[in-house]
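The data block below is work_21.pdb; it holds PDB, C-alpha atoms.
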ATOM      1  CA  MET A   1     -23.812  -4.218  14.872
ATOM      2  CA  SER A   2     -22.548  -2.196  11.923
ATOM      3  CA  ASP A   3     -19.284  -2.974  10.175
ATOM      4  CA  THR A   4     -16.816  -0.227  11.108
ATOM      5  CA  ARG A   5     -14.126  -1.392   8.703
ATOM      6  CA  ARG A   6     -12.814   0.931   5.984
ATOM      7  CA  VAL A   7     -10.511   0.033   3.107
ATOM      8  CA  PHE A   8      -7.534   2.304   2.441
ATOM      9  CA  LEU A   9      -5.207   2.205  -0.566
ATOM     10  CA  PHE A  10      -1.612   3.200  -1.175
ATOM     11  CA  SER A  11      -0.591   3.010  -4.847
ATOM     12  CA  PHE A  12       2.671   3.776  -6.608
ATOM     13  CA  HIS A  13       0.688   4.645  -9.781
ATOM     14  CA  GLU A  14       3.296   3.263 -12.196
ATOM     15  CA  HIS A  15       0.838   3.408 -15.087
ATOM     16  CA  ASP A  16       0.583   7.183 -14.651
ATOM     17  CA  TRP A  17       4.328   7.818 -14.943
ATOM     18  CA  VAL A  18       5.179   9.904 -17.990
ATOM     19  CA  GLY A  19       8.756   9.871 -19.296
ATOM     20  CA  GLY A  20      11.915  10.309 -17.292
ATOM     21  CA  ILE A  21      12.335   6.630 -16.402
ATOM     22  CA  GLU A  22      15.346   5.571 -18.392
ATOM     23  CA  ASP A  23      17.080   3.165 -16.035
ATOM     24  CA  ALA A  24      16.777   1.375 -12.694
ATOM     25  CA  GLU A  25      18.130   4.367 -10.775
ATOM     26  CA  SER A  26      15.551   6.802 -12.144
ATOM     27  CA  GLY A  27      12.821   4.210 -11.505
ATOM     28  CA  GLU A  28      13.910   3.897  -7.889
ATOM     29  CA  GLN A  29      13.955   7.678  -7.509
ATOM     30  CA  MET A  30      10.401   7.854  -8.856
ATOM     31  CA  MET A  31       9.225   5.119  -6.462
ATOM     32  CA  LEU A  32      10.911   6.917  -3.549
ATOM     33  CA  GLN A  33       9.361  10.238  -4.549
ATOM     34  CA  ILE A  34       5.907   8.652  -4.704
ATOM     35  CA  ALA A  35       6.419   6.844  -1.392
ATOM     36  CA  ALA A  36       7.283  10.198   0.193
ATOM     37  CA  SER A  37       4.518  12.254  -1.436
ATOM     38  CA  GLN A  38       1.509   9.886  -1.663
ATOM     39  CA  ASN A  39      -0.877   9.313   1.211
ATOM     40  CA  TRP A  40      -3.211   6.500   2.100
ATOM     41  CA  GLU A  41      -6.610   7.257   0.627
ATOM     42  CA  PRO A  42      -9.987   5.692   1.319
ATOM     43  CA  TYR A  43     -10.594   3.154  -1.438
ATOM     44  CA  LYS A  44     -13.338   4.166  -3.873
ATOM     45  CA  ASP A  45     -15.454   1.110  -3.011
ATOM     46  CA  GLN A  46     -16.406   0.307   0.584
ATOM     47  CA  GLY A  47     -18.563  -2.214   2.397
ATOM     48  CA  PRO A  48     -18.218  -5.590   4.100
ATOM     49  CA  GLN A  49     -17.634  -7.530   0.854
ATOM     50  CA  ILE A  50     -14.895  -5.131  -0.291
ATOM     51  CA  ALA A  51     -13.262  -5.256   3.142
ATOM     52  CA  ASP A  52     -13.375  -9.063   3.111
ATOM     53  CA  ALA A  53     -11.892  -9.154  -0.403
ATOM     54  CA  HIS A  54      -8.885  -7.096   0.742
ATOM     55  CA  SER A  55      -8.233  -8.949   4.007
ATOM     56  CA  ASP A  56      -6.180 -11.878   2.705
ATOM     57  CA  ILE A  57      -3.317 -10.986   5.042
ATOM     58  CA  GLU A  58      -4.577 -10.933   8.615
ATOM     59  CA  GLU A  59      -1.558  -9.554  10.509
ATOM     60  CA  PHE A  60      -0.029  -6.103  10.071
ATOM     61  CA  ASP A  61       3.548  -7.443  10.272
ATOM     62  CA  ALA A  62       2.760 -10.058   7.614
ATOM     63  CA  LEU A  63       1.556  -7.320   5.221
ATOM     64  CA  VAL A  64       4.735  -5.336   5.914
ATOM     65  CA  GLU A  65       6.861  -8.407   5.197
ATOM     66  CA  CYS A  66       4.949  -9.201   1.994
ATOM     67  CA  ALA A  67       5.576  -5.663   0.704
ATOM     68  CA  ARG A  68       9.223  -5.787   1.808
ATOM     69  CA  GLN A  69       9.825  -9.044  -0.038
ATOM     70  CA  ALA A  70       8.432  -7.647  -3.275
ATOM     71  CA  ILE A  71       9.804  -4.108  -3.125
ATOM     72  CA  VAL A  72      13.216  -4.778  -1.590
ATOM     73  CA  ASP A  73      13.987  -8.411  -2.461
ATOM     74  CA  GLU A  74      12.334  -8.695  -5.887
ATOM     75  CA  TYR A  75      12.336  -5.122  -7.223
ATOM     76  CA  ARG A  76      15.724  -4.465  -5.553
ATOM     77  CA  LEU A  77      14.673  -1.027  -4.318
ATOM     78  CA  SER A  78      15.753   0.695  -1.115
ATOM     79  CA  GLU A  79      14.172  -0.039   2.256
ATOM     80  CA  ALA A  80      12.798   3.519   2.346
ATOM     81  CA  VAL A  81      10.537   2.827  -0.656
ATOM     82  CA  PHE A  82       8.604   0.212   1.286
ATOM     83  CA  GLN A  83       8.986   1.733   4.771
ATOM     84  CA  LEU A  84       7.481   5.154   4.024
ATOM     85  CA  PRO A  85       3.965   3.891   3.190
ATOM     86  CA  PHE A  86       3.876   1.839   6.399
ATOM     87  CA  GLU A  87       5.102   4.755   8.520
ATOM     88  CA  LYS A  88       2.199   6.742   7.072
ATOM     89  CA  LEU A  89      -0.217   3.872   7.741
ATOM     90  CA  ARG A  90       0.898   3.641  11.381
ATOM     91  CA  ARG A  91       0.334   7.392  11.743
ATOM     92  CA  LEU A  92      -3.123   7.135  10.097
ATOM     93  CA  MET A  93      -4.062   4.361  12.494
ATOM     94  CA  ALA A  94      -2.818   6.213  15.580
ATOM     95  CA  GLU A  95      -4.350   9.561  14.676
ATOM     96  CA  GLY A  96      -7.657   8.160  13.427
ATOM     97  CA  GLY A  97      -8.316   5.605  16.149
ATOM     98  CA  TRP A  98      -8.009   2.663  13.747
ATOM     99  CA  GLU A  99      -6.705  -0.872  14.206
ATOM    100  CA  PHE A 100      -5.480  -3.193  11.471
ATOM    101  CA  ALA A 101      -8.098  -5.737  10.362
ATOM    102  CA  GLY A 102      -6.471  -7.113   7.194
ATOM    103  CA  GLY A 103      -4.734  -6.214   3.982
ATOM    104  CA  THR A 104      -3.496  -7.248   0.564
ATOM    105  CA  PHE A 105      -0.501  -6.448  -1.597
ATOM    106  CA  PHE A 106      -0.510  -6.373  -5.395
ATOM    107  CA  GLU A 107       2.735  -6.328  -7.343
ATOM    108  CA  PHE A 108       3.189  -4.263 -10.469
ATOM    109  CA  GLU A 109       2.022  -6.170 -13.552
ATOM    110  CA  GLY A 110       2.784  -4.720 -16.971
ATOM    111  CA  ASN A 111      -0.601  -3.751 -18.362
ATOM    112  CA  HIS A 112      -2.716  -4.714 -15.347
ATOM    113  CA  ASN A 113      -1.720  -3.548 -11.874
ATOM    114  CA  ASP A 114       0.252  -0.793 -10.267
ATOM    115  CA  THR A 115       2.061  -1.716  -7.062
ATOM    116  CA  LYS A 116      -0.760  -1.390  -4.518
ATOM    117  CA  ILE A 117      -1.144  -1.940  -0.814
ATOM    118  CA  PHE A 118      -4.633  -2.253   0.645
ATOM    119  CA  ALA A 119      -5.242  -1.923   4.383
ATOM    120  CA  VAL A 120      -8.548  -2.737   5.998
ATOM    121  CA  LEU A 121      -8.873  -0.752   9.217
ATOM    122  CA  ARG A 122     -11.468  -0.962  11.965
ATOM    123  CA  LYS A 123     -12.434   1.830  14.373
ATOM    124  CA  VAL A 124     -11.442   1.087  17.971
TER     125      VAL A 124
END

Let me see the file written as structure tokens.
Amino acid sequence: MSDTRRVFLFSFHEHDWVGGIEDAESGEQMMLQIAASQNWEPYKDQGPQIADAHSDIEEFDALVECARQAIVDEYRLSEAVFQLPFEKLRRLMAEGGWEFAGGTFFEFEGNHNDTKIFAVLRKV
């Protein structure tokens, strides 16, 4: 039986931001703008090993909570910044006939990572 899982990515692309971020308020506005304008995209690499590598979190609600803790509790950003990507993911799943099979969340790290959410979805 073939593996029907696909890896999707939502990134806030902090390393691509150019100017205009002078304080916490402008940073939050940028995050909110990206949350509203970005879409979930198929990750550039696919396959069973990639899907397995991005399936650390097995439950959808646990991935949502992980993102909420980082974005709202740690970053101190509005609920909308973390909710918008998951509203879009729910829509992608419903419209595409996908179910959640796993995910991972990566926090922003200075010179290394943008804030990224990976979702591994399986065709139903």

Nearest to Pro48 in chain A: which of A:His13, A:Lys88, A:Arg5, A:Arg76 is it, counting all atoms listed in the file?
->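 Distance minimum relative to Pro48 in chain A lands on A:Arg5.
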
Skip Glu79 in chain A itself and residues of its chain fewer than 2 positions away, then list as a PDB file with C-alpha atoms, keeping the file's coordinate frame all residues within 12 Å of it, counting only C-alpha atoms.
ATOM      1  CA  GLU A  28      13.910   3.897  -7.889  1.00  0.00           C
ATOM      2  CA  MET A  31       9.225   5.119  -6.462  1.00  0.00           C
ATOM      3  CA  LEU A  32      10.911   6.917  -3.549  1.00  0.00           C
ATOM      4  CA  ALA A  35       6.419   6.844  -1.392  1.00  0.00           C
ATOM      5  CA  VAL A  64       4.735  -5.336   5.914  1.00  0.00           C
ATOM      6  CA  GLU A  65       6.861  -8.407   5.197  1.00  0.00           C
ATOM      7  CA  ALA A  67       5.576  -5.663   0.704  1.00  0.00           C
ATOM      8  CA  ARG A  68       9.223  -5.787   1.808  1.00  0.00           C
ATOM      9  CA  GLN A  69       9.825  -9.044  -0.038  1.00  0.00           C
ATOM     10  CA  ALA A  70       8.432  -7.647  -3.275  1.00  0.00           C
ATOM     11  CA  ILE A  71       9.804  -4.108  -3.125  1.00  0.00           C
ATOM     12  CA  VAL A  72      13.216  -4.778  -1.590  1.00  0.00           C
ATOM     13  CA  ASP A  73      13.987  -8.411  -2.461  1.00  0.00           C
ATOM     14  CA  TYR A  75      12.336  -5.122  -7.223  1.00  0.00           C
ATOM     15  CA  ARG A  76      15.724  -4.465  -5.553  1.00  0.00           C
ATOM     16  CA  LEU A  77      14.673  -1.027  -4.318  1.00  0.00           C
ATOM     17  CA  VAL A  81      10.537   2.827  -0.656  1.00  0.00           C
ATOM     18  CA  PHE A  82       8.604   0.212   1.286  1.00  0.00           C
ATOM     19  CA  GLN A  83       8.986   1.733   4.771  1.00  0.00           C
ATOM     20  CA  LEU A  84       7.481   5.154   4.024  1.00  0.00           C
ATOM     21  CA  PRO A  85       3.965   3.891   3.190  1.00  0.00           C
ATOM     22  CA  PHE A  86       3.876   1.839   6.399  1.00  0.00           C
TER      23      PHE A  86
END

Using the chain letters and numbers from the file, which residues does the PyMOL selection byres ((chain A and resi 9) around 12) grab, as a PyMOL selection string?
-> chain A and resi 6-8+10-13+38-46+51+54+85-86+88-89+92+103-106+114-121

Atomic distance CA of Ala53 in chain A - CA of Val124 in chain A, expressed in Å with one decimal |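 Separation between CA of Ala53 in chain A and CA of Val124 in chain A: 21.0 Å.
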
Proximity to Asp61 in chain A - best of A:Arg90, A:Glu107, A:Asp3, A:Gly97, all atoms listed in the file = A:Arg90

Straight-line distance linking CA of Gln33 in chain A with CA of Ile57 in chain A, stated in Å to one decimal = 26.5 Å

Do you have the CA of Ala62 in chain A-CA of Ile50 in chain A distance handy?
->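 It comes out at 20.0 Å.
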
Show me, as JSON, the centre and edge lengths in Å to one decimal of the axis-aligned box that covers every listed atom of range 81-84 of chain A with 5 Å on each side.
{"center_x": 9.0, "center_y": 2.7, "center_z": 2.1, "size_x": 13.1, "size_y": 14.9, "size_z": 15.4}

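Distances to Glu14 in chain A were evaluated for A:Gly47, A:Ser78, A:Ile34, A:Ser26 using all atoms listed in the file, and the minimum falls at A:Ile34.
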